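Asks: File name data.cif; file contents mmCIF, C-alpha atoms and all ligand atoms; full text below.
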data_coords
#
loop_
_atom_site.label_atom_id
_atom_site.label_comp_id
_atom_site.auth_asym_id
_atom_site.auth_seq_id
_atom_site.Cartn_x
_atom_site.Cartn_y
_atom_site.Cartn_z
CA MET K 354 7.01 111.99 82.98
CA LYS K 355 8.33 110.68 79.68
CA GLN K 356 10.31 112.98 77.42
CA HIS K 357 9.02 111.36 74.23
CA VAL K 358 5.53 110.36 73.20
CA SER K 359 5.61 107.13 71.19
CA GLY K 360 9.28 107.85 70.47
CA GLN K 361 8.18 110.02 67.55
CA LEU K 362 7.02 113.34 68.88
CA PRO K 363 9.62 115.06 71.05
CA LEU K 364 8.19 117.57 73.54
CA LEU K 365 8.65 121.20 72.55
CA PRO K 366 10.14 123.14 75.45
CA ILE K 367 8.42 126.55 75.26
CA ALA K 368 10.20 129.39 77.04
CA ARG K 369 8.09 132.40 76.06
CA GLY K 370 5.00 133.49 74.20
CA GLU K 371 4.61 136.63 72.14
CA GLY K 372 1.45 137.39 70.17
CA PRO K 373 0.67 134.36 67.98
CA TRP K 374 4.21 133.02 68.52
CA LEU K 375 5.57 130.33 70.79
CA ILE K 376 9.30 130.73 71.41
CA GLY K 377 11.47 127.73 72.25
CA ALA K 378 14.25 127.51 74.79
CA ASP K 379 16.80 127.94 72.00
CA GLY K 380 14.99 130.88 70.39
CA GLN K 381 13.12 128.87 67.73
CA ARG K 382 9.68 130.29 66.87
CA TRP K 383 6.47 128.48 66.02
CA LEU K 384 3.18 130.09 65.02
CA ASP K 385 0.46 128.82 67.40
CA GLY K 386 -1.93 127.66 64.67
CA ILE K 387 -4.36 126.02 67.10
CA SER K 388 -4.45 128.70 69.82
CA SER K 389 -2.90 126.32 72.38
CA TRP K 390 -5.85 123.95 72.14
CA TRP K 391 -8.47 126.54 71.28
CA VAL K 392 -8.04 128.74 74.36
CA ASN K 393 -5.94 131.69 73.21
CA LEU K 394 -7.80 134.57 71.52
CA PHE K 395 -5.48 137.59 71.27
CA GLY K 396 -2.05 136.04 71.34
CA HIS K 397 0.31 135.21 74.18
CA CYS K 398 1.36 137.79 76.78
CA HIS K 399 -1.09 140.41 75.58
CA PRO K 400 -0.13 143.79 77.09
CA ARG K 401 -3.69 144.78 78.10
CA ILE K 402 -4.54 141.44 79.72
CA ASN K 403 -1.15 141.37 81.46
CA ALA K 404 -1.70 144.88 82.85
CA ALA K 405 -5.18 144.01 84.13
CA LEU K 406 -3.82 140.90 85.85
CA ARG K 407 -0.93 142.78 87.49
CA GLU K 408 -3.37 145.28 88.93
CA GLN K 409 -5.71 142.54 90.18
CA LEU K 410 -2.78 140.64 91.70
CA ASP K 411 -1.99 143.64 93.91
CA THR K 412 -5.68 144.09 94.87
CA LEU K 413 -7.27 140.70 95.57
CA GLU K 414 -5.93 137.36 94.39
CA HIS K 415 -8.73 135.15 95.74
CA VAL K 416 -11.56 134.96 98.23
CA LEU K 417 -14.25 132.31 98.76
CA LEU K 418 -17.45 133.05 96.86
CA ALA K 419 -19.73 131.68 99.60
CA GLY K 420 -21.02 134.54 101.74
CA CYS K 421 -18.52 136.88 100.03
CA THR K 422 -18.54 138.57 96.66
CA HIS K 423 -16.16 140.83 94.75
CA ALA K 424 -16.22 143.38 91.96
CA PRO K 425 -14.64 141.30 89.15
CA VAL K 426 -17.18 138.45 89.46
CA VAL K 427 -20.15 140.84 89.67
CA GLU K 428 -18.98 142.88 86.70
CA LEU K 429 -18.20 139.77 84.64
CA SER K 430 -21.64 138.26 85.35
CA GLU K 431 -23.37 141.48 84.36
CA ARG K 432 -21.39 141.85 81.15
CA LEU K 433 -21.86 138.21 80.10
CA SER K 434 -25.57 138.48 80.81
CA ALA K 435 -25.79 141.65 78.69
CA LEU K 436 -24.16 139.73 75.83
CA THR K 437 -27.18 137.37 75.88
CA GLY K 438 -29.58 140.31 75.80
CA GLY K 439 -30.26 139.65 79.49
CA GLU K 440 -32.00 136.35 78.67
CA LEU K 441 -29.37 134.27 80.46
CA GLY K 442 -29.11 136.47 83.52
CA HIS K 443 -27.58 134.04 86.01
CA CYS K 444 -23.99 132.81 86.10
CA PHE K 445 -22.58 129.79 87.97
CA TYR K 446 -18.78 129.55 87.94
CA GLY K 447 -16.44 126.56 87.70
CA SER K 448 -12.78 126.15 86.86
CA ASP K 449 -12.75 124.20 83.59
CA GLY K 450 -14.90 123.07 80.71
CA ALA K 451 -15.74 119.59 81.98
CA SER K 452 -17.03 121.14 85.23
CA ALA K 453 -19.29 123.45 83.23
CA THR K 454 -20.80 120.38 81.55
CA GLU K 455 -21.28 118.70 84.94
CA ILE K 456 -22.94 121.83 86.33
CA ALA K 457 -25.33 122.17 83.38
CA LEU K 458 -26.34 118.48 83.50
CA LYS K 459 -26.85 118.52 87.27
CA MET K 460 -28.74 121.80 87.22
CA SER K 461 -31.07 120.61 84.46
CA ALA K 462 -31.95 117.34 86.22
CA HIS K 463 -32.27 119.11 89.59
CA TYR K 464 -34.58 121.71 88.04
CA TRP K 465 -36.96 118.94 86.94
CA ARG K 466 -36.72 117.35 90.40
CA ASN K 467 -37.58 120.66 92.04
CA SER K 468 -40.50 120.92 89.59
CA GLU K 469 -41.95 117.57 90.81
CA ARG K 470 -40.83 115.80 87.62
CA GLU K 471 -37.83 113.88 88.85
CA GLU K 472 -38.35 111.16 86.22
CA LYS K 473 -36.86 113.66 83.74
CA CYS K 474 -33.21 112.80 84.46
CA LYS K 475 -31.75 111.41 81.21
CA PHE K 476 -29.73 113.23 78.58
CA LEU K 477 -29.44 113.33 74.81
CA CYS K 478 -26.22 114.11 72.96
CA LEU K 479 -24.99 114.05 69.36
CA ALA K 480 -22.81 111.49 67.60
CA GLY K 481 -19.18 112.57 67.77
CA GLY K 482 -19.98 115.12 70.48
CA TYR K 483 -17.35 116.10 73.06
CA HIS K 484 -18.16 117.74 76.39
CA GLY K 485 -15.16 116.95 78.59
CA GLU K 486 -13.65 113.96 80.34
CA THR K 487 -14.90 113.77 83.92
CA ALA K 488 -17.16 110.77 84.56
CA GLY K 489 -20.41 112.75 84.13
CA ALA K 490 -19.22 114.63 81.05
CA LEU K 491 -18.05 111.37 79.44
CA GLY K 492 -21.67 110.20 79.64
CA VAL K 493 -22.56 112.79 76.98
CA THR K 494 -19.27 112.48 75.07
CA ASP K 495 -19.41 110.18 72.05
CA ILE K 496 -15.72 109.45 71.48
CA PRO K 497 -15.47 105.63 71.38
CA LEU K 498 -11.90 105.51 72.79
CA PHE K 499 -12.87 107.37 75.99
CA ARG K 500 -16.18 105.60 76.41
CA ALA K 501 -14.54 102.20 76.04
CA ALA K 502 -11.71 102.85 78.51
CA TYR K 503 -14.05 104.06 81.28
CA ALA K 504 -17.27 102.23 80.38
CA PRO K 505 -17.95 100.85 83.89
CA LEU K 506 -17.83 104.39 85.35
CA ILE K 507 -20.15 106.00 82.84
CA ARG K 508 -23.92 106.55 82.73
CA PRO K 509 -24.29 106.84 78.97
CA ALA K 510 -26.68 109.31 77.36
CA GLN K 511 -28.70 108.47 74.28
CA VAL K 512 -26.65 109.38 71.19
CA LEU K 513 -28.55 110.98 68.28
CA PRO K 514 -27.31 111.54 64.70
CA SER K 515 -25.09 114.59 64.15
CA PRO K 516 -26.11 117.14 61.49
CA ASP K 517 -22.45 117.09 60.27
CA ALA K 518 -22.62 118.61 56.76
CA ARG K 519 -20.13 116.03 55.44
CA GLN K 520 -23.00 113.54 55.49
CA GLY K 521 -24.69 115.31 52.60
CA PRO K 522 -27.39 117.89 51.87
CA ARG K 523 -30.02 116.12 53.98
CA ALA K 524 -27.88 115.93 57.15
CA VAL K 525 -29.92 118.52 59.08
CA GLU K 526 -33.26 117.09 58.00
CA GLN K 527 -32.22 113.56 59.04
CA ALA K 528 -30.76 114.64 62.38
CA ILE K 529 -33.93 116.62 63.18
CA ALA K 530 -36.18 113.70 62.20
CA ALA K 531 -34.25 111.45 64.62
CA LEU K 532 -34.45 114.05 67.41
CA ALA K 533 -38.19 114.52 66.84
CA ALA K 534 -38.83 110.77 66.94
CA CYS K 535 -36.77 110.37 70.10
CA LEU K 536 -38.52 113.23 71.89
CA ALA K 537 -41.99 112.03 70.85
CA ARG K 538 -41.18 108.68 72.44
CA ASP K 539 -38.99 109.53 75.45
CA ALA K 540 -39.36 113.23 76.39
CA GLY K 541 -41.03 112.26 79.68
CA SER K 542 -37.73 110.85 80.95
CA ILE K 543 -35.37 113.39 79.34
CA ALA K 544 -33.94 116.41 81.13
CA ALA K 545 -31.86 117.97 78.36
CA LEU K 546 -30.25 117.80 74.95
CA ILE K 547 -26.60 118.94 74.90
CA VAL K 548 -24.99 120.19 71.68
CA GLU K 549 -21.90 122.04 70.47
CA PRO K 550 -23.38 124.81 68.31
CA LEU K 551 -22.25 124.89 64.64
CA VAL K 552 -18.88 123.12 65.03
CA GLN K 553 -18.17 119.82 66.81
CA CYS K 554 -14.51 120.64 67.26
CA ALA K 555 -13.20 117.37 68.74
CA ASN K 556 -15.17 115.45 66.08
CA GLY K 557 -12.70 116.60 63.42
CA MET K 558 -14.19 120.11 63.15
CA ALA K 559 -17.56 118.75 61.98
CA MET K 560 -19.53 121.80 60.85
CA TYR K 561 -23.28 122.09 60.47
CA GLU K 562 -25.96 124.59 59.53
CA PRO K 563 -27.65 126.90 62.09
CA GLU K 564 -31.00 125.53 60.89
CA TYR K 565 -30.39 122.44 63.05
CA LEU K 566 -30.20 124.58 66.19
CA ARG K 567 -33.32 126.52 65.22
CA GLN K 568 -35.36 123.34 64.80
CA ALA K 569 -33.81 121.61 67.83
CA ARG K 570 -34.75 124.66 69.95
CA ALA K 571 -38.37 124.43 68.71
CA LEU K 572 -38.54 120.70 69.46
CA CYS K 573 -37.06 121.17 72.94
CA ASP K 574 -39.70 123.84 73.66
CA ARG K 575 -42.50 121.65 72.34
CA TYR K 576 -41.45 118.61 74.42
CA GLU K 577 -40.27 120.48 77.55
CA VAL K 578 -36.64 119.43 77.36
CA HIS K 579 -33.77 121.81 78.17
CA LEU K 580 -31.31 122.79 75.45
CA ILE K 581 -27.70 123.01 76.67
CA CYS K 582 -25.32 124.81 74.31
CA ASP K 583 -21.72 123.87 75.04
CA GLU K 584 -19.84 126.87 73.62
CA ILE K 585 -16.67 126.04 75.52
CA ALA K 586 -14.76 125.88 72.22
CA VAL K 587 -16.99 127.85 69.82
CA GLY K 588 -17.85 130.86 72.00
CA PHE K 589 -16.00 134.18 72.02
CA GLY K 590 -16.06 134.81 68.30
CA ARG K 591 -14.64 131.54 66.95
CA THR K 592 -17.53 130.94 64.56
CA GLY K 593 -17.85 134.54 63.39
CA THR K 594 -20.44 135.75 65.92
CA PHE K 595 -19.73 136.33 69.61
CA PHE K 596 -21.75 133.23 70.52
CA ALA K 597 -22.29 130.53 67.89
CA HIS K 598 -25.98 130.05 68.80
CA GLU K 599 -26.70 133.65 67.71
CA GLN K 600 -26.46 132.50 64.08
CA ALA K 601 -29.62 130.44 64.60
CA GLY K 602 -31.49 133.30 66.29
CA ILE K 603 -32.04 131.22 69.42
CA ARG K 604 -31.02 131.11 73.07
CA PRO K 605 -30.29 127.91 74.98
CA ASP K 606 -31.55 127.20 78.51
CA PHE K 607 -27.97 126.65 79.64
CA LEU K 608 -24.86 128.12 78.02
CA CYS K 609 -21.46 126.61 78.95
CA LEU K 610 -18.40 128.81 78.43
CA SER K 611 -14.71 128.29 79.17
CA LYS K 612 -11.50 128.10 77.06
CA GLY K 613 -11.38 131.59 75.43
CA ILE K 614 -13.25 133.25 78.29
CA THR K 615 -9.97 134.40 79.90
CA GLY K 616 -8.26 134.97 76.56
CA GLY K 617 -6.46 131.68 77.20
CA TYR K 618 -4.75 132.86 80.41
CA LEU K 619 -6.37 131.12 83.36
CA PRO K 620 -8.79 128.27 84.07
CA LEU K 621 -12.37 129.55 84.40
CA SER K 622 -15.76 128.32 83.27
CA VAL K 623 -19.30 129.52 83.64
CA VAL K 624 -22.78 128.13 83.09
CA MET K 625 -25.36 130.78 82.29
CA THR K 626 -29.08 130.20 82.66
CA ARG K 627 -32.53 131.78 82.70
CA ASP K 628 -34.56 133.41 85.49
CA ALA K 629 -37.11 130.57 85.51
CA ILE K 630 -34.41 127.99 86.20
CA TYR K 631 -32.71 130.12 88.85
CA HIS K 632 -36.00 130.64 90.67
CA ALA K 633 -36.65 126.88 90.89
CA PHE K 634 -33.63 126.69 93.23
CA LEU K 635 -34.27 129.79 95.31
CA ASP K 636 -35.41 128.35 98.64
CA ASP K 637 -34.43 128.14 102.30
CA SER K 638 -34.24 124.34 102.09
CA THR K 639 -30.76 123.11 101.16
CA ALA K 640 -32.31 120.08 99.45
CA ARG K 641 -33.80 122.39 96.84
CA ALA K 642 -30.61 124.38 96.50
CA PHE K 643 -28.16 123.66 93.72
CA LEU K 644 -25.27 121.72 95.22
CA HIS K 645 -21.95 122.15 93.46
CA SER K 646 -18.99 123.91 95.03
CA HIS K 647 -15.51 124.52 93.71
CA SER K 648 -12.74 125.97 95.89
CA TYR K 649 -11.71 128.46 93.22
CA THR K 650 -15.22 129.41 92.10
CA GLY K 651 -15.21 132.92 90.63
CA ASN K 652 -11.46 133.42 91.17
CA PRO K 653 -10.82 137.20 90.90
CA LEU K 654 -7.69 136.88 88.76
CA ALA K 655 -9.49 134.68 86.23
CA CYS K 656 -12.51 137.02 86.24
CA ARG K 657 -10.20 140.00 85.69
CA ALA K 658 -8.57 138.26 82.71
CA ALA K 659 -12.08 137.63 81.35
CA LEU K 660 -13.03 141.30 81.79
CA ALA K 661 -9.84 142.40 79.99
CA THR K 662 -10.77 139.97 77.20
CA LEU K 663 -14.26 141.49 76.90
CA ASP K 664 -12.68 144.98 76.86
CA ILE K 665 -10.56 143.98 73.86
CA PHE K 666 -13.66 142.67 72.03
CA ALA K 667 -15.39 146.02 72.60
CA GLN K 668 -12.45 148.41 72.07
CA ASP K 669 -11.05 146.71 68.96
CA ASP K 670 -14.40 145.76 67.36
CA VAL K 671 -13.01 142.23 67.13
CA ILE K 672 -16.03 140.51 65.57
CA ALA K 673 -16.02 142.93 62.61
CA ALA K 674 -12.22 142.83 62.26
CA ASN K 675 -12.30 139.02 62.27
CA ARG K 676 -14.59 138.99 59.21
CA THR K 677 -11.80 140.59 57.18
CA LEU K 678 -9.12 138.43 58.80
CA ALA K 679 -11.08 135.21 58.26
CA ALA K 680 -11.66 136.05 54.59
CA LYS K 681 -7.90 136.57 54.10
CA ILE K 682 -7.01 133.29 55.80
CA ALA K 683 -9.67 131.42 53.81
CA ALA K 684 -8.38 132.90 50.54
CA ARG K 685 -4.83 131.79 51.39
CA LEU K 686 -5.88 128.24 52.35
CA ARG K 687 -8.55 127.61 49.71
CA PRO K 688 -6.18 126.41 46.94
CA LEU K 689 -5.56 123.35 49.17
CA ALA K 690 -9.15 122.27 48.43
CA ALA K 691 -8.07 121.39 44.87
CA HIS K 692 -5.54 118.79 46.05
CA PRO K 693 -6.66 115.34 44.84
CA GLN K 694 -6.50 113.83 48.36
CA VAL K 695 -8.24 116.73 50.14
CA ARG K 696 -11.97 116.43 50.95
CA HIS K 697 -14.53 118.77 52.49
CA PHE K 698 -12.54 122.01 52.74
CA ARG K 699 -14.65 124.03 55.16
CA GLN K 700 -14.72 127.22 57.19
CA ARG K 701 -16.92 128.75 59.86
CA GLY K 702 -15.69 132.13 61.11
CA MET K 703 -12.14 131.67 62.40
CA ILE K 704 -12.15 127.86 62.11
CA PHE K 705 -10.72 126.28 58.93
CA ALA K 706 -10.48 122.54 58.22
CA PHE K 707 -10.16 119.85 55.56
CA ASP K 708 -9.96 116.06 55.57
CA VAL K 709 -7.14 114.16 53.89
CA GLU K 710 -7.48 110.73 52.32
CA ALA K 711 -4.40 109.03 53.67
CA ASP K 712 -3.16 106.27 55.95
CA ALA K 713 -3.44 106.40 59.75
CA GLY K 714 0.11 107.73 60.24
CA PHE K 715 -0.66 110.89 58.25
CA GLY K 716 -1.57 113.07 61.25
CA HIS K 717 1.76 112.53 63.03
CA ARG K 718 3.74 113.14 59.85
CA TYR K 719 1.77 116.32 59.18
CA TYR K 720 2.33 117.61 62.71
CA ARG K 721 6.08 117.12 62.45
CA ALA K 722 6.31 118.57 58.94
CA ALA K 723 4.32 121.70 59.89
CA LEU K 724 6.54 122.24 62.96
CA ALA K 725 9.62 122.00 60.77
CA HIS K 726 8.12 124.84 58.71
CA GLY K 727 7.44 126.99 61.76
CA VAL K 728 3.75 126.32 62.51
CA LEU K 729 2.12 124.31 65.30
CA LEU K 730 -0.76 122.35 63.72
CA ARG K 731 -2.02 119.09 65.26
CA PRO K 732 -4.45 117.23 62.99
CA ILE K 733 -7.36 115.35 64.59
CA GLY K 734 -7.15 111.95 62.90
CA ASN K 735 -6.89 112.85 59.22
CA THR K 736 -8.54 116.25 59.64
CA VAL K 737 -6.14 119.17 59.27
CA TYR K 738 -7.41 122.36 60.86
CA THR K 739 -6.32 125.75 62.03
CA MET K 740 -8.04 127.85 64.69
CA PRO K 741 -5.49 130.63 65.15
CA PRO K 742 -5.41 133.54 67.61
CA TYR K 743 -7.22 136.60 66.20
CA VAL K 744 -3.98 138.55 65.73
CA LEU K 745 -2.38 137.22 62.54
CA GLY K 746 -0.73 139.76 60.23
CA ASP K 747 -0.30 139.27 56.48
CA ALA K 748 3.18 137.72 56.86
CA GLU K 749 1.85 135.25 59.42
CA ILE K 750 -1.10 134.27 57.19
CA GLU K 751 1.39 133.64 54.39
CA LEU K 752 3.57 131.51 56.68
CA LEU K 753 0.51 129.55 57.84
CA GLY K 754 -0.59 128.94 54.25
CA ARG K 755 2.85 127.92 53.07
CA ALA K 756 3.43 125.57 56.03
CA ALA K 757 -0.03 124.00 55.56
CA GLU K 758 0.73 123.33 51.88
CA THR K 759 4.28 122.11 52.32
CA ALA K 760 3.37 119.86 55.25
CA LEU K 761 0.57 118.33 53.16
CA ARG K 762 3.01 117.53 50.35
CA GLU K 763 5.63 116.13 52.71
CA ALA K 764 3.22 114.11 54.88
CA LEU K 765 1.73 112.47 51.77
CA ALA K 766 5.09 111.72 50.11
CA PRO K 767 5.83 107.98 50.25
C1 LIG A 1 -12.47 121.50 75.62
C2 LIG A 1 -13.92 121.22 75.66
C3 LIG A 1 -14.55 120.79 76.84
C4 LIG A 1 -13.79 120.47 78.09
O1 LIG A 1 -13.08 121.57 78.61
P1 LIG A 1 -11.87 121.28 79.64
O2 LIG A 1 -11.52 122.63 80.17
O3 LIG A 1 -10.78 120.67 78.82
O4 LIG A 1 -12.39 120.35 80.68
C5 LIG A 1 -15.92 120.62 76.83
N1 LIG A 1 -16.63 120.86 75.71
C6 LIG A 1 -16.08 121.27 74.56
C7 LIG A 1 -16.94 121.55 73.38
C8 LIG A 1 -14.69 121.46 74.48
O5 LIG A 1 -14.13 121.79 73.33
#
Let me see whether you can do it: turn the structure in this file into structure tokens.
Ligand SMILES: *Cc1c(COP(=O)(O)O)cnc(C)c1O

Replies:
Amino acid sequence: MKQHVSGQLPLLPIARGEGPWLIGADGQRWLDGISSWWVNLFGHCHPRINAALREQLDTLEHVLLAGCTHAPVVELSERLSALTGGELGHCFYGSDGASATEIALKMSAHYWRNSEREEKCKFLCLAGGYHGETAGALGVTDIPLFRAAYAPLIRPAQVLPSPDARQGPRAVEQAIAALAACLARDAGSIAALIVEPLVQCANGMAMYEPEYLRQARALCDRYEVHLICDEIAVGFGRTGTFFAHEQAGIRPDFLCLSKGITGGYLPLSVVMTRDAIYHAFLDDSTARAFLHSHSYTGNPLACRAALATLDIFAQDDVIAANRTLAAKIAARLRPLAAHPQVRHFRQRGMIFAFDVEADAGFGHRYYRAALAHGVLLRPIGNTVYTMPPYVLGDAEIELLGRAAETALREALAP
């Protein structure tokens, strides 16, 4: 492995983690302003998650989930289901986000096949959408670089306009009109529409109004197409509600979760779905059964980390506390919106972003400048964002704000 990426960005050797801090081999400290790629919720080495994991480690580290079951996976499934009001009462486990996408796509198409409608096997996705990087997930991922590199391996979905609010006040209306036209024409061959509710994170934190989800849900119902909500990044309180789709007052047919599910500790993903879909697979014939096995499905340690994470949400009333925290962070960052090269300052819950009018090298310069001021921030293209762990104190918010400002000035200096 190379020590340097493009000769410009030296690797940071991280020795320890402590709350929102990453601590280098030589004792240097950086605030983890992007939650280690959107996975960490309550900081590193959280005492309650660590204690739960130690206990689980001395009880049961792993067992196959075929023909066997165990308490952590049963309890986790019941608690996740309760968080959807019981509407998504069935959980299928994988080990990472891309697998959750694969599972949802396969289960949707297989449902239609089991319902004697096997011609419904195509997918719709949104412009700029990101759902993971395995070959199937790339089919619904609209990032030109990835699609181009692996084009011969990919079965591309139809890409519809994104309701990204940066496109103007009619963004939702236009995206819905395009979806409606597509469904009116092609619904007979379409299994599902997959979306990232409210924030397309990999698309430069593109944010959009819940109204899009409300209308997309109605159209999917009308045309008998499944709605898959990929909340791998936006679930677990990131957008201000526990699940992002709640803000639209809807439920999807499939809900994909990963990243924050274990508090950022261990790889785990889950696809949740409805009774009606589960029952279409319940049969003695293996051809009707859903076929997708992972060796580490429902790993007890990962499930225990997820249960400890849910305990913290309940015990610390995290969603309410985050409203106050998010308002403080927004107040500290908002003055940046007035900078002449800053566009579209935006916030949704605990996600904050703005775009910078600058040359293509800006992102790298910003990353290095922010690190020099003690904060890990990695812009996506020319979008600067922070999605911090939910445990920042006032001093840390001040540091984040100061580093964001100073790095902007330095990265734009000629
Ligand atoms: C990160 C991400 C994925 C992929 O998850 P991995 O665990 O990296 O495979 C899928 N969808 C969204 C919205 C994501 O942010």

Asks: Return as an mmCIF file with C-alpha atoms, in the coordinates of the input every polymer residue, whether protein, DNA or RNA, with at least one atom no more than 6 Å from an atom of ligand LIG 1 (chain A); count all atoms listed in the file.

Replies:
data_model
loop_
_atom_site.group_PDB
_atom_site.id
_atom_site.type_symbol
_atom_site.label_atom_id
_atom_site.label_comp_id
_atom_site.auth_asym_id
_atom_site.auth_seq_id
_atom_site.Cartn_x
_atom_site.Cartn_y
_atom_site.Cartn_z
ATOM 1 C CA ASP K 449 -12.750 124.200 83.590
ATOM 2 C CA GLY K 450 -14.900 123.070 80.710
ATOM 3 C CA ALA K 451 -15.740 119.590 81.980
ATOM 4 C CA TYR K 483 -17.350 116.100 73.060
ATOM 5 C CA HIS K 484 -18.160 117.740 76.390
ATOM 6 C CA GLY K 485 -15.160 116.950 78.590
ATOM 7 C CA GLU K 549 -21.900 122.040 70.470
ATOM 8 C CA ASP K 583 -21.720 123.870 75.040
ATOM 9 C CA ILE K 585 -16.670 126.040 75.520
ATOM 10 C CA ALA K 586 -14.760 125.880 72.220
#

Asks: Nearest to Thr650 (chain K): which of K:Gln381, K:Thr487, K:Ser452, K:Gln520 is it, counting only C-alpha atoms?

Replies: K:Ser452

Asks: How many Å lie between CA of Arg466 (chain K) and CA of Asp574 (chain K), rounded to one decimal?

Replies: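 Between CA of Arg466 (chain K) and CA of Asp574 (chain K) the gap is 18.2 Å.
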
Asks: Which residue out of K:Pro516, K:Pro620, K:Pro373, K:Pro509 has the minimum interatomic distance to Ala748 (chain K) when all atoms listed in the file are used?

Replies: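 Looking only at the distances to Ala748 (chain K), the closest residue turns out to be K:Pro373.
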
Asks: Of the candidates K:Glu599, K:Asp385, K:Gly714, K:Arg657, which shows the shortest atom-to-atom distance to Pro425 (chain K), using all atoms listed in the file?

Replies: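 Looking only at the distances to Pro425 (chain K), the closest residue turns out to be K:Arg657.
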
Asks: With the input short on atoms, add N, CA and C atoms back to region 595-611 of chain K and write it as a compact mmCIF listing (two decimals), keeping the file's coordinate frame.

Replies:
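Dumped to result.txt:
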# COMPACT_ATOMS: atom_id res chain seq x y z
N PHE K 595 -20.31 136.45 68.26
CA PHE K 595 -19.73 136.33 69.61
C PHE K 595 -20.05 134.96 70.19
N PHE K 596 -21.36 134.60 70.17
CA PHE K 596 -21.75 133.23 70.52
C PHE K 596 -22.20 132.54 69.24
N ALA K 597 -21.91 131.26 69.11
CA ALA K 597 -22.29 130.53 67.89
C ALA K 597 -23.81 130.44 67.75
N HIS K 598 -24.53 130.26 68.88
CA HIS K 598 -25.98 130.05 68.80
C HIS K 598 -26.71 131.26 68.22
N GLU K 599 -26.07 132.44 68.27
CA GLU K 599 -26.70 133.65 67.71
C GLU K 599 -27.04 133.46 66.24
N GLN K 600 -26.25 132.66 65.52
CA GLN K 600 -26.46 132.50 64.08
C GLN K 600 -27.77 131.79 63.78
N ALA K 601 -28.33 131.11 64.79
CA ALA K 601 -29.62 130.44 64.60
C ALA K 601 -30.77 131.29 65.15
N GLY K 602 -30.44 132.45 65.72
CA GLY K 602 -31.49 133.30 66.29
C GLY K 602 -32.18 132.68 67.49
N ILE K 603 -31.46 131.87 68.25
CA ILE K 603 -32.04 131.22 69.42
C ILE K 603 -31.24 131.54 70.68
N ARG K 604 -31.80 131.16 71.84
CA ARG K 604 -31.02 131.11 73.07
C ARG K 604 -31.20 129.73 73.68
N PRO K 605 -30.14 129.19 74.26
CA PRO K 605 -30.29 127.91 74.98
C PRO K 605 -30.87 128.16 76.37
N ASP K 606 -31.17 127.08 77.10
CA ASP K 606 -31.55 127.20 78.51
C ASP K 606 -30.31 127.26 79.39
N PHE K 607 -29.25 126.59 78.94
CA PHE K 607 -27.97 126.65 79.64
C PHE K 607 -26.88 126.90 78.60
N LEU K 608 -25.99 127.82 78.91
CA LEU K 608 -24.86 128.12 78.02
C LEU K 608 -23.57 127.88 78.80
N CYS K 609 -22.74 126.94 78.29
CA CYS K 609 -21.46 126.61 78.95
C CYS K 609 -20.33 127.34 78.24
N LEU K 610 -19.53 128.07 79.00
CA LEU K 610 -18.40 128.81 78.43
C LEU K 610 -17.13 128.49 79.20
N SER K 611 -16.02 128.44 78.50
CA SER K 611 -14.71 128.29 79.17
C SER K 611 -13.64 128.64 78.14
